[in-house]
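Q: See query.cif below, with mmCIF, C-alpha atoms and all ligand atoms.
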data_my_file
loop_
_atom_site.label_atom_id
_atom_site.label_comp_id
_atom_site.auth_asym_id
_atom_site.auth_seq_id
_atom_site.Cartn_x
_atom_site.Cartn_y
_atom_site.Cartn_z
CA MET A 26 0.00 0.00 0.00
CA ARG A 27 1.36 3.43 -0.91
CA ALA A 28 1.22 5.99 1.88
CA PHE A 29 -0.94 9.03 1.20
CA VAL A 30 1.05 12.10 0.15
CA SER A 31 -0.51 15.44 1.16
CA SER A 32 -1.51 17.86 -1.61
CA ILE A 33 1.19 20.38 -0.68
CA TRP A 34 3.93 17.89 -1.59
CA ARG A 35 2.29 16.96 -4.87
CA HIS A 36 2.15 20.66 -5.80
CA PRO A 37 5.02 22.59 -4.23
CA PRO A 38 5.07 26.24 -5.41
CA PRO A 39 8.08 27.37 -7.47
CA ASP A 40 8.83 30.24 -5.07
CA LEU A 41 8.82 28.03 -1.98
CA ALA A 42 12.43 28.72 -0.97
CA ILE A 43 11.99 32.48 -0.97
CA ARG A 44 8.61 32.31 0.78
CA THR A 45 10.08 30.12 3.51
CA GLU A 46 13.09 32.37 3.94
CA ARG A 47 10.85 35.43 4.25
CA CYS A 48 8.61 33.61 6.72
CA LEU A 49 11.56 32.67 8.95
CA ALA A 50 13.02 36.18 8.76
CA ALA A 51 9.72 37.86 9.66
CA ALA A 52 9.04 35.39 12.49
CA ALA A 53 12.55 35.75 13.94
CA GLU A 54 12.10 39.52 13.84
CA HIS A 55 8.86 39.10 15.76
CA TRP A 56 10.49 36.97 18.49
CA LYS A 57 11.67 39.38 21.19
CA GLY A 58 13.14 36.92 23.71
CA ASN A 59 16.72 37.17 24.90
CA GLU A 60 17.40 33.52 24.01
CA ARG A 61 17.27 32.03 20.55
CA ALA A 62 13.88 30.54 19.60
CA ARG A 63 14.04 26.80 20.34
CA ILE A 64 12.71 24.42 17.69
CA PHE A 65 12.57 20.62 17.90
CA PHE A 66 11.83 18.08 15.20
CA ARG A 67 9.83 14.91 15.95
CA ALA A 68 9.52 11.97 13.51
CA ASP A 69 6.66 9.55 14.23
CA ASP A 70 5.90 5.89 13.47
CA ILE A 71 9.51 4.77 13.65
CA ALA A 72 10.46 1.05 13.83
CA VAL A 73 10.72 -0.26 10.27
CA PRO A 74 13.93 0.57 8.39
CA GLY A 75 13.84 1.57 4.73
CA SER A 76 15.17 4.01 2.17
CA ARG A 77 13.00 6.89 3.43
CA PHE A 78 14.20 6.38 6.99
CA ALA A 79 17.83 6.31 5.85
CA ARG A 80 17.33 9.50 3.83
CA LEU A 81 15.70 11.21 6.81
CA LEU A 82 18.63 10.45 9.09
CA GLU A 83 21.14 11.45 6.44
CA ILE A 84 19.57 14.93 6.14
CA PHE A 85 19.51 15.57 9.90
CA SER A 86 23.00 14.19 10.25
CA ARG A 87 24.38 16.43 7.49
CA HIS A 88 22.90 19.57 9.07
CA ARG A 89 23.80 18.48 12.62
CA VAL A 90 20.21 19.01 13.78
CA PRO A 91 18.76 16.85 16.62
CA LEU A 92 15.77 14.62 15.83
CA CYS A 93 13.31 13.11 18.32
CA LEU A 94 12.27 9.68 17.01
CA ALA A 95 8.93 8.29 18.23
CA VAL A 96 9.30 4.49 18.14
CA VAL A 97 6.34 2.07 18.20
CA PRO A 98 7.53 -0.58 20.70
CA ALA A 99 5.53 -3.55 19.38
CA TRP A 100 6.81 -2.94 15.83
CA LEU A 101 10.45 -2.90 16.87
CA THR A 102 12.42 -6.17 16.73
CA PRO A 103 16.10 -6.81 17.48
CA PRO A 104 17.03 -7.04 13.75
CA ARG A 105 15.11 -3.84 12.95
CA TRP A 106 16.81 -2.01 15.80
CA GLN A 107 20.22 -3.12 14.54
CA VAL A 108 19.46 -1.53 11.15
CA LEU A 109 18.02 1.69 12.64
CA LYS A 110 21.00 2.06 14.95
CA GLU A 111 23.45 1.39 12.14
CA ALA A 112 21.80 4.03 9.91
CA GLY A 113 22.48 6.73 12.50
CA LYS A 114 25.68 5.47 14.04
CA ASP A 115 27.89 8.39 12.98
CA SER A 116 25.57 10.94 14.61
CA ALA A 117 24.29 9.01 17.64
CA SER A 118 24.26 12.11 19.86
CA LEU A 119 21.64 13.78 17.63
CA TRP A 120 18.93 11.13 18.10
CA CYS A 121 16.38 11.19 20.92
CA TRP A 122 14.75 7.72 20.67
CA HIS A 123 11.50 7.75 22.64
CA GLN A 124 8.15 5.96 22.96
CA HIS A 125 5.18 6.13 20.56
CA GLY A 126 2.34 4.18 22.22
CA TRP A 127 2.50 0.40 22.39
CA ARG A 128 1.29 -0.93 19.02
CA HIS A 129 -0.38 2.16 17.48
CA ALA A 130 -3.85 0.62 17.71
CA ASN A 131 -7.12 2.52 18.02
CA HIS A 132 -9.33 1.30 20.90
CA GLU A 133 -12.12 3.88 20.64
CA ARG A 134 -15.44 2.77 19.12
CA GLN A 135 -16.50 6.32 18.39
CA GLY A 136 -14.92 9.72 18.13
CA LYS A 137 -11.29 10.34 17.31
CA LYS A 138 -8.73 7.55 17.19
CA GLN A 139 -6.85 6.94 20.42
CA GLU A 140 -4.67 4.17 21.79
CA PHE A 141 -4.68 5.76 25.27
CA GLY A 142 -8.23 7.09 25.52
CA PRO A 143 -11.35 6.54 27.66
CA ALA A 144 -12.32 3.16 26.14
CA ARG A 145 -9.90 1.20 28.30
CA SER A 146 -9.28 0.79 32.01
CA ARG A 147 -6.44 2.63 33.72
CA ARG A 148 -4.81 -0.72 34.44
CA ARG A 149 -4.62 -1.55 30.72
CA LEU A 150 -3.33 1.90 29.82
CA GLN A 151 -0.58 1.59 32.40
CA ARG A 152 0.26 -1.95 31.32
CA ASP A 153 0.76 -0.86 27.69
CA ILE A 154 2.91 2.12 28.71
CA GLN A 155 5.10 -0.10 30.91
CA HIS A 156 5.34 -2.87 28.29
CA GLY A 157 6.40 -0.32 25.71
CA ARG A 158 9.03 1.24 27.89
CA GLN A 159 10.44 -2.12 28.99
CA ARG A 160 10.69 -3.31 25.40
CA LEU A 161 12.45 -0.16 24.21
CA GLU A 162 14.80 -0.12 27.20
CA LYS A 163 15.67 -3.76 26.63
CA LEU A 164 16.46 -3.19 22.95
CA MET A 165 17.96 0.30 23.07
CA GLY A 166 19.53 0.41 26.51
CA THR A 167 20.69 3.88 27.46
CA ARG A 168 19.78 5.28 24.03
CA PHE A 169 16.11 5.26 25.09
CA TYR A 170 14.86 8.57 26.49
CA PRO A 171 11.63 8.49 28.55
CA VAL A 172 9.31 10.84 26.66
CA PHE A 173 5.91 9.59 25.50
CA THR A 174 4.31 10.62 22.19
CA PRO A 175 0.76 9.19 22.16
CA PRO A 176 -0.39 7.96 18.74
CA TRP A 177 -2.55 10.55 16.94
CA ASN A 178 -1.18 13.12 19.42
CA ARG A 179 -3.89 12.48 21.97
CA CYS A 180 -4.41 10.68 25.28
CA ASP A 181 -6.63 11.07 28.33
CA ALA A 182 -5.97 12.51 31.80
CA ARG A 183 -5.39 9.08 33.38
CA THR A 184 -2.60 8.39 30.88
CA LEU A 185 -0.92 11.68 31.76
CA THR A 186 -1.11 10.82 35.48
CA VAL A 187 0.43 7.39 34.82
CA LEU A 188 3.27 8.96 32.81
CA GLU A 189 4.00 11.38 35.64
CA LYS A 190 3.89 8.59 38.22
CA LEU A 191 6.30 6.46 36.16
CA GLY A 192 8.78 9.33 36.00
CA TYR A 193 8.62 10.25 32.31
CA ALA A 194 10.57 13.37 31.33
CA GLY A 195 7.68 14.69 29.22
CA VAL A 196 4.76 14.09 26.88
CA SER A 197 4.57 15.29 23.27
CA ARG A 198 1.19 16.03 21.67
CA SER A 199 -0.27 18.75 19.43
CA ALA A 200 -0.23 22.36 20.56
CA GLY A 201 -3.26 23.20 22.71
CA SER A 202 -4.01 19.54 23.54
CA ARG A 203 -6.40 18.93 26.42
CA PRO A 204 -6.29 17.94 29.19
CA ALA A 205 -3.16 19.87 30.19
CA PRO A 206 -0.40 17.66 31.63
CA PRO A 207 0.06 17.54 35.43
CA ALA A 208 2.65 19.86 36.98
CA GLY A 209 5.38 17.21 37.07
CA LEU A 210 5.10 16.26 33.39
CA PRO A 211 6.37 18.85 30.87
CA GLY A 212 4.60 19.08 27.51
CA PHE A 213 6.75 19.25 24.36
CA ASP A 214 4.02 19.94 21.86
CA VAL A 215 4.28 19.99 18.08
CA THR A 216 3.11 23.16 16.36
CA VAL A 217 3.87 22.42 12.70
CA ASP A 218 2.57 19.44 10.69
CA LEU A 219 4.65 18.78 7.58
CA HIS A 220 3.24 15.55 6.15
CA THR A 221 -0.22 14.64 7.46
CA ARG A 222 -2.02 17.75 6.25
CA ARG A 223 -5.58 17.33 5.06
CA GLU A 224 -6.10 20.44 2.92
CA THR A 225 -7.28 19.35 -0.51
CA ALA A 226 -6.02 22.56 -2.13
CA ALA A 227 -2.24 22.87 -2.04
CA GLY A 228 -2.41 26.68 -1.97
CA SER A 229 -4.31 26.86 1.32
CA GLY A 230 -2.15 24.04 2.69
CA TRP A 231 0.99 26.10 2.04
CA ASN A 232 -0.52 29.21 3.59
CA ASN A 233 -1.47 27.23 6.70
CA LEU A 234 1.91 25.49 6.95
CA LEU A 235 3.89 28.71 6.67
CA GLY A 236 1.48 30.29 9.18
CA GLU A 237 2.27 27.48 11.66
CA LEU A 238 5.98 28.01 11.11
CA PHE A 239 5.62 31.76 11.63
CA ARG A 240 3.66 31.38 14.88
CA THR A 241 6.11 28.78 16.22
CA ILE A 242 9.19 30.93 15.74
CA SER A 243 7.54 34.19 16.76
CA ALA A 244 6.42 32.48 20.01
CA GLY A 245 10.00 31.43 20.76
CA SER A 246 9.47 27.66 20.81
CA GLY A 247 7.65 24.76 19.18
CA GLY A 248 8.00 21.49 17.34
CA ILE A 249 7.89 20.31 13.75
CA MET A 250 6.23 16.92 13.12
CA ILE A 251 7.52 14.55 10.43
CA HIS A 252 6.02 11.38 8.92
CA HIS A 253 8.72 9.95 6.67
CA GLN A 254 6.51 7.26 5.10
CA ARG A 255 4.45 10.06 3.54
CA MET A 256 7.40 11.99 2.12
CA ASN A 257 8.06 12.26 -1.60
CA HIS A 258 11.10 13.88 -3.25
CA ALA A 259 9.64 17.38 -2.88
CA ALA A 260 9.08 16.81 0.84
CA PHE A 261 12.67 15.63 1.32
CA ASP A 262 14.03 18.58 -0.65
CA PHE A 263 12.04 21.01 1.49
CA LEU A 264 13.19 19.37 4.73
CA ASP A 265 16.78 19.72 3.55
CA LEU A 266 16.20 23.41 2.84
CA LEU A 267 14.37 24.02 6.12
CA LEU A 268 17.13 22.41 8.20
CA LYS A 269 19.73 24.43 6.35
CA MET A 270 17.84 27.68 7.03
CA ILE A 271 17.03 26.90 10.68
CA SER A 272 20.47 25.56 11.63
CA SER A 273 22.25 28.58 10.16
CA HIS A 274 19.89 31.25 11.53
CA ARG A 275 21.40 33.28 14.37
CA LYS A 276 18.08 33.61 16.25
CA LEU A 277 17.03 29.97 16.00
CA GLN A 278 18.28 26.97 17.97
CA PRO A 279 17.37 23.39 17.04
CA VAL A 280 16.95 21.31 20.22
CA SER A 281 15.91 17.82 21.39
CA PHE A 282 13.50 16.77 24.14
CA LYS A 283 16.48 16.23 26.41
CA ASP A 284 17.61 19.85 25.91
CA LEU A 285 14.08 21.04 26.73
CA ALA A 286 13.81 18.83 29.82
CA ASP A 287 17.26 19.81 31.12
CA ASN A 288 16.71 23.51 30.49
CA PRO A 289 12.98 24.33 30.65
CA GLY A 290 13.46 28.03 29.90
CA PRO A 291 11.17 30.86 30.98
CA PRO A 292 7.56 29.89 31.86
ZN ZN B 301 1.86 7.72 14.86
#
Would you kindly transcribe this structure into structure tokens?
Ligand SMILES: [Zn+2]
A:
Amino acid sequence: MRAFVSSIWRHPPPDLAIRTERCLAAAAEHWKGNERARIFFRADDIAVPGSRFARLLEIFSRHRVPLCLAVVPAWLTPPRWQVLKEAGKDSASLWCWHQHGWRHANHERQGKKQEFGPARSRRRLQRDIQHGRQRLEKLMGTRFYPVFTPPWNRCDARTLTVLEKLGYAGVSRSAGSRPAPPAGLPGFDVTVDLHTRRETAAGSGWNNLLGELFRTISAGSGGIMIHHQRMNHAAFDFLDLLLKMISSHRKLQPVSFKDLADNPGPP
């Protein structure tokens, strides 16, 4: 089955580079903080190696930009982990391998998809979180970093409480997600969606995407979400360009979850 490619990547505008550069410049001008604006990148649905995964790591590695990789525990096997690890071995310090659910399954009978939503008991939610963490720790050892990205960017309040109780360093969802995390669990929320956009018209998709990028930088922090299975050549070319622009900009600082957890910054 071919993964769905969003309309913006099937129809990238010819002036995309200049529009992106202008967007970053205007947003950086808008950001009045004393520190550089902190941007993280998060790639979801990681576990199965392939040419797209290798290309993704090559781009981040070349620009020396950290990448937070959300791994689905039940999809990861020892042979797969060997290949993933090998693909990034020359830049191991850039990767923040963390947890993406248990098996990326929807358990809700109605409403939005959730793996960690109201349909299941707290005991089952906690069991899946612990199974996932144990599996990743067993395979990855100290490379695993305890941040939880719930599938589809959503989970319920009980899940957040369990994560806090189990000592996770943070949870990563979409900006404005409810309920808010408890005081002891930082939220590292994504604010830009590169590859799972639903706009049918590429033009409005581009306006919305650049708007997300502008608001992220002008607010001083945020995260950019990646789905490599849905990337075509245009999407890879843009990512290359974006990393080049962000990593060389004097007012922007690419960071990982670990950087955010170790140095929370102003409230
Ligand atoms: Zn996912």
Q: List all protein, DNA and RNA residues that have an atom no more than 6 Å from any atom of ligand ZN 301 (chain B), counting only C-alpha atoms and all ligand atoms, and report them as an mmCIF file with C-alpha atoms, in the frame of the given file.
A:
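Output contents, as saved in part_28.cif:
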data_model
loop_
_atom_site.group_PDB
_atom_site.id
_atom_site.type_symbol
_atom_site.label_atom_id
_atom_site.label_comp_id
_atom_site.auth_asym_id
_atom_site.auth_seq_id
_atom_site.Cartn_x
_atom_site.Cartn_y
_atom_site.Cartn_z
ATOM 1 C CA ASP A 69 6.660 9.550 14.230
ATOM 2 C CA ASP A 70 5.900 5.890 13.470
ATOM 3 C CA PRO A 176 -0.390 7.960 18.740
ATOM 4 C CA TRP A 177 -2.550 10.550 16.940
#
Q: Need the neighbours of (13.9, 25.5, 18.3): which residues are at most 7 Å away, counting all atoms listed in the file, as a ChimeraX atom specification?
A: /A:62-65,246-247,277-280
Q: As an exercise, work out the distance from atom CA of A:Val97 to atom CA of A:His125 in Å and give it to one decimal place.
A: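 Distance between the two atoms: 4.8 Å.
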Q: Would you work out the distance separating atom CA of A:Leu94 from atom CA of A:Arg47, expressed in Å to one decimal?
A: 28.8 Å
Q: Find the residues with any atom within 9 Å of (11.9, 17.5, 15.4); use all atoms listed in the file and the coordinates as given in the file, and write the answer as a list in words.
A: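 Using all atoms listed in the file, the matching residues come out as Ile64, Phe65, Phe66, Arg67, Ala68, Val90, Pro91, Leu92, Cys93, Leu94, Val215, Gly248, Ile249, Met250, Ile251, Pro279, Val280, Ser281 and Phe282 of chain A.
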Q: Name the closest residue to A:Ala72 among the candidates A:Ala99, A:Leu41, A:Ala244, A:Leu210; distances are taken between atoms, counting only C-alpha atoms.
A: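 Using only C-alpha atoms, A:Ala72 sits closest to A:Ala99.
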Q: Quick one: residues within 8 Å of A:Ala227, all atoms listed in the file, excluding same-chain residues fewer than 4 positions away - as a ChimeraX atom specification?
A: /A:32-37,231
Q: Could you jot down the atom CA of A:Tyr193 to atom CA of A:Pro171 separation for me, Å, one decimal place?
A: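 These atoms are spaced 5.1 Å apart.
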Q: Measuring between only C-alpha atoms, which one of A:Arg61, A:Arg203, A:His220, A:Arg198 shows the shortest distance to A:Ala260?
A: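 Answer, going by the shortest atom-to-atom distance: A:His220.
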Q: Could you check the closest approach to A:Ala28 for each of A:Leu161, A:Asn232, A:Leu109, A:Met256 and tell me which residue wins, using all atoms listed in the file?
A: A:Met256
Q: Which of these residues is nearest to A:Arg160, using all atoms listed in the file: A:Gly236, A:Pro103, A:Pro175, A:Pro38?
A: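 Result for the nearest residue to A:Arg160: A:Pro103.
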Q: Considering all atoms listed in the file, return as a PDB file with C-alpha atoms, in the frame of the given file whatever protein or nucleic-acid residues lie within 7 Å of A:Trp122, sequence-local ones (same chain, fewer than 6 positions apart) excluded.
A:
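Wrote result_34.pdb, looks like this:
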ATOM      1  CA  CYS A  93      13.310  13.110  18.320  1.00  0.00           C
ATOM      2  CA  LEU A  94      12.270   9.680  17.010  1.00  0.00           C
ATOM      3  CA  ALA A  95       8.930   8.290  18.230  1.00  0.00           C
ATOM      4  CA  VAL A  96       9.300   4.490  18.140  1.00  0.00           C
ATOM      5  CA  ARG A 168      19.780   5.280  24.030  1.00  0.00           C
ATOM      6  CA  PHE A 169      16.110   5.260  25.090  1.00  0.00           C
ATOM      7  CA  TYR A 170      14.860   8.570  26.490  1.00  0.00           C
TER       8      TYR A 170
END
Q: With all atoms listed in the file as the basis for distance, which of A:Leu185, A:Leu119, A:Ile71, A:Ala50 is at the shortest distance from A:His88?
A: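 Closest to A:His88, using all atoms listed in the file: A:Leu119.
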Q: Restricting the calculation to all atoms listed in the file: of A:Asp40, A:Phe261, A:Ala194, A:Arg275, which residue gets closest to A:Leu81?
A: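 Going through A:Asp40, A:Phe261, A:Ala194, A:Arg275 one by one, the smallest distance to A:Leu81 is for A:Phe261.
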